[in-house]
Amino acid sequence: MKTITVYAADDGSRWDKDRDAATRDILIREVEAFKAHIGLRPWPEAESCTNGTRFLAQPVGVRDKIFSFCKDNGWHRDMASCPIGRLCRIAYCIDSKGRQWDQQYHAANCVDAINSGATEIV
């Protein structure tokens, strides 16, 4: 038997090398600072799955700012587990009017959701 050392970053991801975990922690802080800088409103946990019946109004132009940040900081990263990937997913859920939906589908088909009576989360 041999001992194996694993390093955990602040988001719970596990790394073989301490510098990789430290790099992830830096990225997490950069993404959080960016989100605060652009005024990105967090999605309320109580509204986890609204199926296109509710949306969250985001500041004007936030989607383009997120896409620009993601492009500048590496789209190529693992989209599911990386802080950049999670931020990109948020951008894909925002329609052209700045309404954030719980799923990308509803952002792409927001006219249907609005016509069905979708309301804003306040």
# chains A, B, ... in the order shown; residues from 1 in each chain; ligands from 1
$ select_by_dssp --residues "range 74-120 of chain A" --states "alpha helix (DSSP H)" --output "list of chain:residue names"
A:Pro83, A:Ile84, A:Gly85, A:Arg86, A:Leu87, A:Cys88, A:Arg89, A:Ile90, A:Ala91, A:Tyr92, A:Gln104, A:Tyr105, A:His106, A:Ala107, A:Ala108, A:Cys110, A:Val111, A:Asp112, A:Ala113, A:Ile114, A:Asn115
$ closest_residue --among "A:Val62, A:Leu27, A:Ala118, A:Cys70" --to "Ser96 in chain A" --atoms "only C-alpha atoms"
A:Val62
$ atom_distance --atom1 "CA of Asp11 in chain A" --atom2 "CA of Ala46 in chain A"
21.2 Å
$ select_by_dssp --residues "chain A" --states "strand (DSSP E or B)" --output "number ranges by chain"
A: 7-8, 14-15, 54-57, 94, 99-100, 119-120
$ write_last_selection --atoms "C-alpha atoms" --output "short mmCIF file (atom, residue, chain, number, x, y, z; two decimals), in the first residue's frame"
data_model
loop_
_atom_site.label_atom_id
_atom_site.label_comp_id
_atom_site.auth_asym_id
_atom_site.auth_seq_id
_atom_site.Cartn_x
_atom_site.Cartn_y
_atom_site.Cartn_z
CA TYR A 7 -5.38 18.48 -2.96
CA ALA A 8 -8.86 19.98 -2.93
CA ARG A 14 -9.53 17.37 -6.50
CA TRP A 15 -6.01 17.69 -7.84
CA ARG A 54 -39.90 32.54 -14.52
CA PHE A 55 -36.87 34.62 -15.46
CA LEU A 56 -34.32 36.77 -13.66
CA ALA A 57 -33.59 40.21 -15.12
CA ILE A 94 -29.60 34.83 -20.93
CA ARG A 99 -33.55 37.85 -19.08
CA GLN A 100 -31.88 34.83 -17.50
CA THR A 119 -42.96 36.25 -14.91
CA GLU A 120 -39.89 37.94 -13.47
#
$ residues_around --residues "Asp102 in chain A" --least-positions-apart "6" --cutoff "8 Å" --atoms "only C-alpha atoms" --output "short mmCIF file (atom, residue, chain, number, x, y, z; two decimals) with N, CA and C atoms, in the first residue's frame"
data_model
loop_
_atom_site.label_atom_id
_atom_site.label_comp_id
_atom_site.auth_asym_id
_atom_site.auth_seq_id
_atom_site.Cartn_x
_atom_site.Cartn_y
_atom_site.Cartn_z
N SER A 48 -35.01 26.79 -8.50
CA SER A 48 -34.05 25.94 -9.19
C SER A 48 -34.52 25.44 -10.56
N CYS A 49 -35.76 25.10 -10.72
CA CYS A 49 -36.24 24.62 -12.02
C CYS A 49 -37.63 25.19 -12.27
N THR A 50 -37.70 26.23 -13.09
CA THR A 50 -38.98 26.90 -13.33
C THR A 50 -39.61 26.50 -14.66
N ASN A 51 -38.89 25.72 -15.46
CA ASN A 51 -39.40 25.26 -16.76
C ASN A 51 -39.94 26.38 -17.63
N GLY A 52 -39.24 27.49 -17.66
CA GLY A 52 -39.59 28.60 -18.53
C GLY A 52 -40.75 29.45 -18.05
N ARG A 54 -40.46 31.41 -15.25
CA ARG A 54 -39.90 32.54 -14.52
C ARG A 54 -38.54 32.90 -15.12
N PHE A 55 -38.18 34.16 -15.01
CA PHE A 55 -36.87 34.62 -15.46
C PHE A 55 -36.33 35.64 -14.48
N CYS A 93 -27.93 31.02 -20.91
CA CYS A 93 -29.30 31.06 -20.38
C CYS A 93 -29.88 32.46 -20.38
#
$ closest_residue --among "A:Cys82, A:Asp20, A:Thr53, A:Glu32" --to "His106 in chain A" --atoms "only C-alpha atoms"
A:Thr53
$ residues_around --residues "range 86-88 of chain A" --least-positions-apart "4" --cutoff "12 Å" --atoms "only C-alpha atoms" --output "PDB file with C-alpha atoms, in the first residue's frame"
ATOM      1  CA  ASP A  11     -15.002  24.328  -5.169  1.00  0.00           C
ATOM      2  CA  LEU A  27      -9.700  31.130 -11.097  1.00  0.00           C
ATOM      3  CA  ILE A  28     -12.660  30.794  -8.727  1.00  0.00           C
ATOM      4  CA  GLU A  30     -11.363  35.800 -10.545  1.00  0.00           C
ATOM      5  CA  VAL A  31     -14.764  34.553 -11.740  1.00  0.00           C
ATOM      6  CA  GLU A  32     -16.490  35.650  -8.520  1.00  0.00           C
ATOM      7  CA  PHE A  34     -15.927  39.407 -12.367  1.00  0.00           C
ATOM      8  CA  LYS A  35     -19.513  38.453 -11.517  1.00  0.00           C
ATOM      9  CA  LEU A  40     -24.595  39.587 -12.123  1.00  0.00           C
ATOM     10  CA  PRO A  42     -27.396  35.091  -8.523  1.00  0.00           C
ATOM     11  CA  VAL A  62     -24.190  41.296 -19.108  1.00  0.00           C
ATOM     12  CA  ARG A  63     -24.403  38.384 -21.563  1.00  0.00           C
ATOM     13  CA  ASP A  64     -21.869  39.932 -23.946  1.00  0.00           C
ATOM     14  CA  LYS A  65     -19.556  40.787 -21.050  1.00  0.00           C
ATOM     15  CA  ILE A  66     -19.672  37.172 -19.840  1.00  0.00           C
ATOM     16  CA  PHE A  67     -18.956  35.778 -23.306  1.00  0.00           C
ATOM     17  CA  SER A  68     -16.030  38.174 -23.698  1.00  0.00           C
ATOM     18  CA  PHE A  69     -14.620  37.193 -20.285  1.00  0.00           C
ATOM     19  CA  CYS A  70     -15.003  33.483 -21.075  1.00  0.00           C
ATOM     20  CA  LYS A  71     -13.318  33.875 -24.451  1.00  0.00           C
ATOM     21  CA  ASP A  72     -10.428  35.804 -22.914  1.00  0.00           C
ATOM     22  CA  ASN A  73      -9.995  33.239 -20.132  1.00  0.00           C
ATOM     23  CA  GLY A  74     -10.363  29.948 -21.990  1.00  0.00           C
ATOM     24  CA  TRP A  75     -13.503  28.480 -23.514  1.00  0.00           C
ATOM     25  CA  HIS A  76     -11.611  25.217 -23.946  1.00  0.00           C
ATOM     26  CA  ARG A  77     -11.776  24.301 -20.284  1.00  0.00           C
ATOM     27  CA  ASP A  78     -14.048  21.555 -19.015  1.00  0.00           C
ATOM     28  CA  MET A  79     -17.441  23.196 -19.418  1.00  0.00           C
ATOM     29  CA  ALA A  80     -19.235  21.163 -16.779  1.00  0.00           C
ATOM     30  CA  SER A  81     -16.958  21.537 -13.788  1.00  0.00           C
ATOM     31  CA  CYS A  82     -14.809  24.590 -14.444  1.00  0.00           C
ATOM     32  CA  TYR A  92     -26.221  30.804 -22.635  1.00  0.00           C
ATOM     33  CA  CYS A  93     -29.298  31.055 -20.381  1.00  0.00           C
ATOM     34  CA  ILE A  94     -29.602  34.830 -20.928  1.00  0.00           C
ATOM     35  CA  GLN A 104     -30.706  27.467 -22.440  1.00  0.00           C
TER      36      GLN A 104
END
$ decode --residues "range 76-118 of chain A" --atoms "N, CA and C atoms" --output "PDB file, in the first residue's frame"
ATOM      1  N   HIS A  76     -11.991  26.618 -23.763  1.00  0.00           N
ATOM      2  CA  HIS A  76     -11.611  25.217 -23.946  1.00  0.00           C
ATOM      3  C   HIS A  76     -11.643  24.398 -22.668  1.00  0.00           C
ATOM      4  N   ARG A  77     -11.791  25.032 -21.551  1.00  0.00           N
ATOM      5  CA  ARG A  77     -11.776  24.301 -20.284  1.00  0.00           C
ATOM      6  C   ARG A  77     -13.012  23.418 -20.156  1.00  0.00           C
ATOM      7  N   ASP A  78     -12.940  22.478 -19.256  1.00  0.00           N
ATOM      8  CA  ASP A  78     -14.048  21.555 -19.015  1.00  0.00           C
ATOM      9  C   ASP A  78     -15.302  22.355 -18.668  1.00  0.00           C
ATOM     10  N   MET A  79     -16.261  22.355 -19.571  1.00  0.00           N
ATOM     11  CA  MET A  79     -17.441  23.196 -19.418  1.00  0.00           C
ATOM     12  C   MET A  79     -18.307  22.817 -18.215  1.00  0.00           C
ATOM     13  N   ALA A  80     -18.329  21.579 -17.845  1.00  0.00           N
ATOM     14  CA  ALA A  80     -19.235  21.163 -16.779  1.00  0.00           C
ATOM     15  C   ALA A  80     -18.735  21.542 -15.382  1.00  0.00           C
ATOM     16  N   SER A  81     -17.442  21.376 -15.154  1.00  0.00           N
ATOM     17  CA  SER A  81     -16.958  21.537 -13.788  1.00  0.00           C
ATOM     18  C   SER A  81     -16.095  22.773 -13.550  1.00  0.00           C
ATOM     19  N   CYS A  82     -15.689  23.431 -14.585  1.00  0.00           N
ATOM     20  CA  CYS A  82     -14.809  24.590 -14.444  1.00  0.00           C
ATOM     21  C   CYS A  82     -15.615  25.854 -14.138  1.00  0.00           C
ATOM     22  N   PRO A  83     -15.093  26.748 -13.316  1.00  0.00           N
ATOM     23  CA  PRO A  83     -15.794  28.011 -13.050  1.00  0.00           C
ATOM     24  C   PRO A  83     -16.093  28.805 -14.330  1.00  0.00           C
ATOM     25  N   ILE A  84     -15.186  28.753 -15.304  1.00  0.00           N
ATOM     26  CA  ILE A  84     -15.425  29.432 -16.583  1.00  0.00           C
ATOM     27  C   ILE A  84     -16.595  28.761 -17.301  1.00  0.00           C
ATOM     28  N   GLY A  85     -16.633  27.450 -17.275  1.00  0.00           N
ATOM     29  CA  GLY A  85     -17.723  26.718 -17.915  1.00  0.00           C
ATOM     30  C   GLY A  85     -19.070  27.023 -17.286  1.00  0.00           C
ATOM     31  N   ARG A  86     -19.083  27.094 -15.970  1.00  0.00           N
ATOM     32  CA  ARG A  86     -20.345  27.417 -15.284  1.00  0.00           C
ATOM     33  C   ARG A  86     -20.795  28.844 -15.621  1.00  0.00           C
ATOM     34  N   LEU A  87     -19.837  29.747 -15.759  1.00  0.00           N
ATOM     35  CA  LEU A  87     -20.162  31.125 -16.131  1.00  0.00           C
ATOM     36  C   LEU A  87     -20.704  31.175 -17.562  1.00  0.00           C
ATOM     37  N   CYS A  88     -20.099  30.416 -18.462  1.00  0.00           N
ATOM     38  CA  CYS A  88     -20.598  30.353 -19.845  1.00  0.00           C
ATOM     39  C   CYS A  88     -22.017  29.819 -19.881  1.00  0.00           C
ATOM     40  N   ARG A  89     -22.307  28.827 -19.051  1.00  0.00           N
ATOM     41  CA  ARG A  89     -23.658  28.272 -19.021  1.00  0.00           C
ATOM     42  C   ARG A  89     -24.670  29.347 -18.625  1.00  0.00           C
ATOM     43  N   ILE A  90     -24.293  30.201 -17.684  1.00  0.00           N
ATOM     44  CA  ILE A  90     -25.170  31.305 -17.307  1.00  0.00           C
ATOM     45  C   ILE A  90     -25.430  32.198 -18.515  1.00  0.00           C
ATOM     46  N   ALA A  91     -24.373  32.528 -19.258  1.00  0.00           N
ATOM     47  CA  ALA A  91     -24.528  33.400 -20.430  1.00  0.00           C
ATOM     48  C   ALA A  91     -25.455  32.778 -21.464  1.00  0.00           C
ATOM     49  N   TYR A  92     -25.350  31.476 -21.672  1.00  0.00           N
ATOM     50  CA  TYR A  92     -26.221  30.804 -22.635  1.00  0.00           C
ATOM     51  C   TYR A  92     -27.679  30.803 -22.186  1.00  0.00           C
ATOM     52  N   CYS A  93     -27.927  31.016 -20.907  1.00  0.00           N
ATOM     53  CA  CYS A  93     -29.298  31.055 -20.381  1.00  0.00           C
ATOM     54  C   CYS A  93     -29.884  32.462 -20.376  1.00  0.00           C
ATOM     55  N   ILE A  94     -29.133  33.446 -20.875  1.00  0.00           N
ATOM     56  CA  ILE A  94     -29.602  34.830 -20.928  1.00  0.00           C
ATOM     57  C   ILE A  94     -30.000  35.156 -22.363  1.00  0.00           C
ATOM     58  N   ASP A  95     -31.213  35.675 -22.532  1.00  0.00           N
ATOM     59  CA  ASP A  95     -31.676  36.026 -23.880  1.00  0.00           C
ATOM     60  C   ASP A  95     -31.195  37.422 -24.274  1.00  0.00           C
ATOM     61  N   SER A  96     -31.575  37.858 -25.467  1.00  0.00           N
ATOM     62  CA  SER A  96     -31.105  39.140 -25.994  1.00  0.00           C
ATOM     63  C   SER A  96     -31.640  40.344 -25.217  1.00  0.00           C
ATOM     64  N   LYS A  97     -32.665  40.160 -24.418  1.00  0.00           N
ATOM     65  CA  LYS A  97     -33.234  41.246 -23.610  1.00  0.00           C
ATOM     66  C   LYS A  97     -32.685  41.263 -22.188  1.00  0.00           C
ATOM     67  N   GLY A  98     -31.715  40.377 -21.884  1.00  0.00           N
ATOM     68  CA  GLY A  98     -31.102  40.343 -20.558  1.00  0.00           C
ATOM     69  C   GLY A  98     -31.870  39.533 -19.534  1.00  0.00           C
ATOM     70  N   ARG A  99     -32.797  38.699 -19.996  1.00  0.00           N
ATOM     71  CA  ARG A  99     -33.553  37.845 -19.079  1.00  0.00           C
ATOM     72  C   ARG A  99     -32.849  36.506 -18.959  1.00  0.00           C
ATOM     73  N   GLN A 100     -32.525  36.124 -17.732  1.00  0.00           N
ATOM     74  CA  GLN A 100     -31.876  34.833 -17.500  1.00  0.00           C
ATOM     75  C   GLN A 100     -32.951  33.800 -17.189  1.00  0.00           C
ATOM     76  N   TRP A 101     -32.900  32.693 -17.937  1.00  0.00           N
ATOM     77  CA  TRP A 101     -33.844  31.594 -17.771  1.00  0.00           C
ATOM     78  C   TRP A 101     -33.138  30.436 -17.093  1.00  0.00           C
ATOM     79  N   ASP A 102     -33.895  29.471 -16.607  1.00  0.00           N
ATOM     80  CA  ASP A 102     -33.270  28.343 -15.912  1.00  0.00           C
ATOM     81  C   ASP A 102     -32.620  27.359 -16.875  1.00  0.00           C
ATOM     82  N   GLN A 103     -32.952  27.431 -18.164  1.00  0.00           N
ATOM     83  CA  GLN A 103     -32.374  26.523 -19.158  1.00  0.00           C
ATOM     84  C   GLN A 103     -32.072  27.296 -20.437  1.00  0.00           C
ATOM     85  N   GLN A 104     -31.067  26.837 -21.173  1.00  0.00           N
ATOM     86  CA  GLN A 104     -30.706  27.467 -22.440  1.00  0.00           C
ATOM     87  C   GLN A 104     -31.870  27.454 -23.422  1.00  0.00           C
ATOM     88  N   TYR A 105     -32.646  26.389 -23.411  1.00  0.00           N
ATOM     89  CA  TYR A 105     -33.780  26.264 -24.336  1.00  0.00           C
ATOM     90  C   TYR A 105     -34.712  27.469 -24.215  1.00  0.00           C
ATOM     91  N   HIS A 106     -35.009  27.869 -22.998  1.00  0.00           N
ATOM     92  CA  HIS A 106     -35.957  28.962 -22.796  1.00  0.00           C
ATOM     93  C   HIS A 106     -35.369  30.304 -23.218  1.00  0.00           C
ATOM     94  N   ALA A 107     -34.057  30.464 -23.107  1.00  0.00           N
ATOM     95  CA  ALA A 107     -33.428  31.698 -23.592  1.00  0.00           C
ATOM     96  C   ALA A 107     -33.534  31.773 -25.109  1.00  0.00           C
ATOM     97  N   ALA A 108     -33.392  30.635 -25.771  1.00  0.00           N
ATOM     98  CA  ALA A 108     -33.477  30.603 -27.237  1.00  0.00           C
ATOM     99  C   ALA A 108     -34.921  30.711 -27.722  1.00  0.00           C
ATOM    100  N   ASN A 109     -35.871  30.334 -26.880  1.00  0.00           N
ATOM    101  CA  ASN A 109     -37.288  30.332 -27.256  1.00  0.00           C
ATOM    102  C   ASN A 109     -38.097  31.202 -26.299  1.00  0.00           C
ATOM    103  N   CYS A 110     -37.543  32.357 -25.927  1.00  0.00           N
ATOM    104  CA  CYS A 110     -38.164  33.189 -24.896  1.00  0.00           C
ATOM    105  C   CYS A 110     -39.509  33.762 -25.327  1.00  0.00           C
ATOM    106  N   VAL A 111     -39.736  33.943 -26.613  1.00  0.00           N
ATOM    107  CA  VAL A 111     -41.019  34.469 -27.071  1.00  0.00           C
ATOM    108  C   VAL A 111     -42.143  33.528 -26.656  1.00  0.00           C
ATOM    109  N   ASP A 112     -41.900  32.225 -26.815  1.00  0.00           N
ATOM    110  CA  ASP A 112     -42.905  31.242 -26.397  1.00  0.00           C
ATOM    111  C   ASP A 112     -43.158  31.321 -24.902  1.00  0.00           C
ATOM    112  N   ALA A 113     -42.080  31.459 -24.115  1.00  0.00           N
ATOM    113  CA  ALA A 113     -42.217  31.506 -22.656  1.00  0.00           C
ATOM    114  C   ALA A 113     -42.963  32.772 -22.236  1.00  0.00           C
ATOM    115  N   ILE A 114     -42.633  33.907 -22.839  1.00  0.00           N
ATOM    116  CA  ILE A 114     -43.292  35.160 -22.507  1.00  0.00           C
ATOM    117  C   ILE A 114     -44.779  35.090 -22.891  1.00  0.00           C
ATOM    118  N   ASN A 115     -45.052  34.527 -24.068  1.00  0.00           N
ATOM    119  CA  ASN A 115     -46.448  34.394 -24.504  1.00  0.00           C
ATOM    120  C   ASN A 115     -47.225  33.430 -23.612  1.00  0.00           C
ATOM    121  N   SER A 116     -46.535  32.538 -22.931  1.00  0.00           N
ATOM    122  CA  SER A 116     -47.193  31.593 -22.034  1.00  0.00           C
ATOM    123  C   SER A 116     -47.363  32.162 -20.625  1.00  0.00           C
ATOM    124  N   GLY A 117     -46.941  33.398 -20.413  1.00  0.00           N
ATOM    125  CA  GLY A 117     -47.148  34.053 -19.125  1.00  0.00           C
ATOM    126  C   GLY A 117     -45.992  34.003 -18.151  1.00  0.00           C
ATOM    127  N   ALA A 118     -44.759  33.842 -18.651  1.00  0.00           N
ATOM    128  CA  ALA A 118     -43.594  33.820 -17.765  1.00  0.00           C
ATOM    129  C   ALA A 118     -43.489  35.144 -17.004  1.00  0.00           C
TER     130      ALA A 118
END
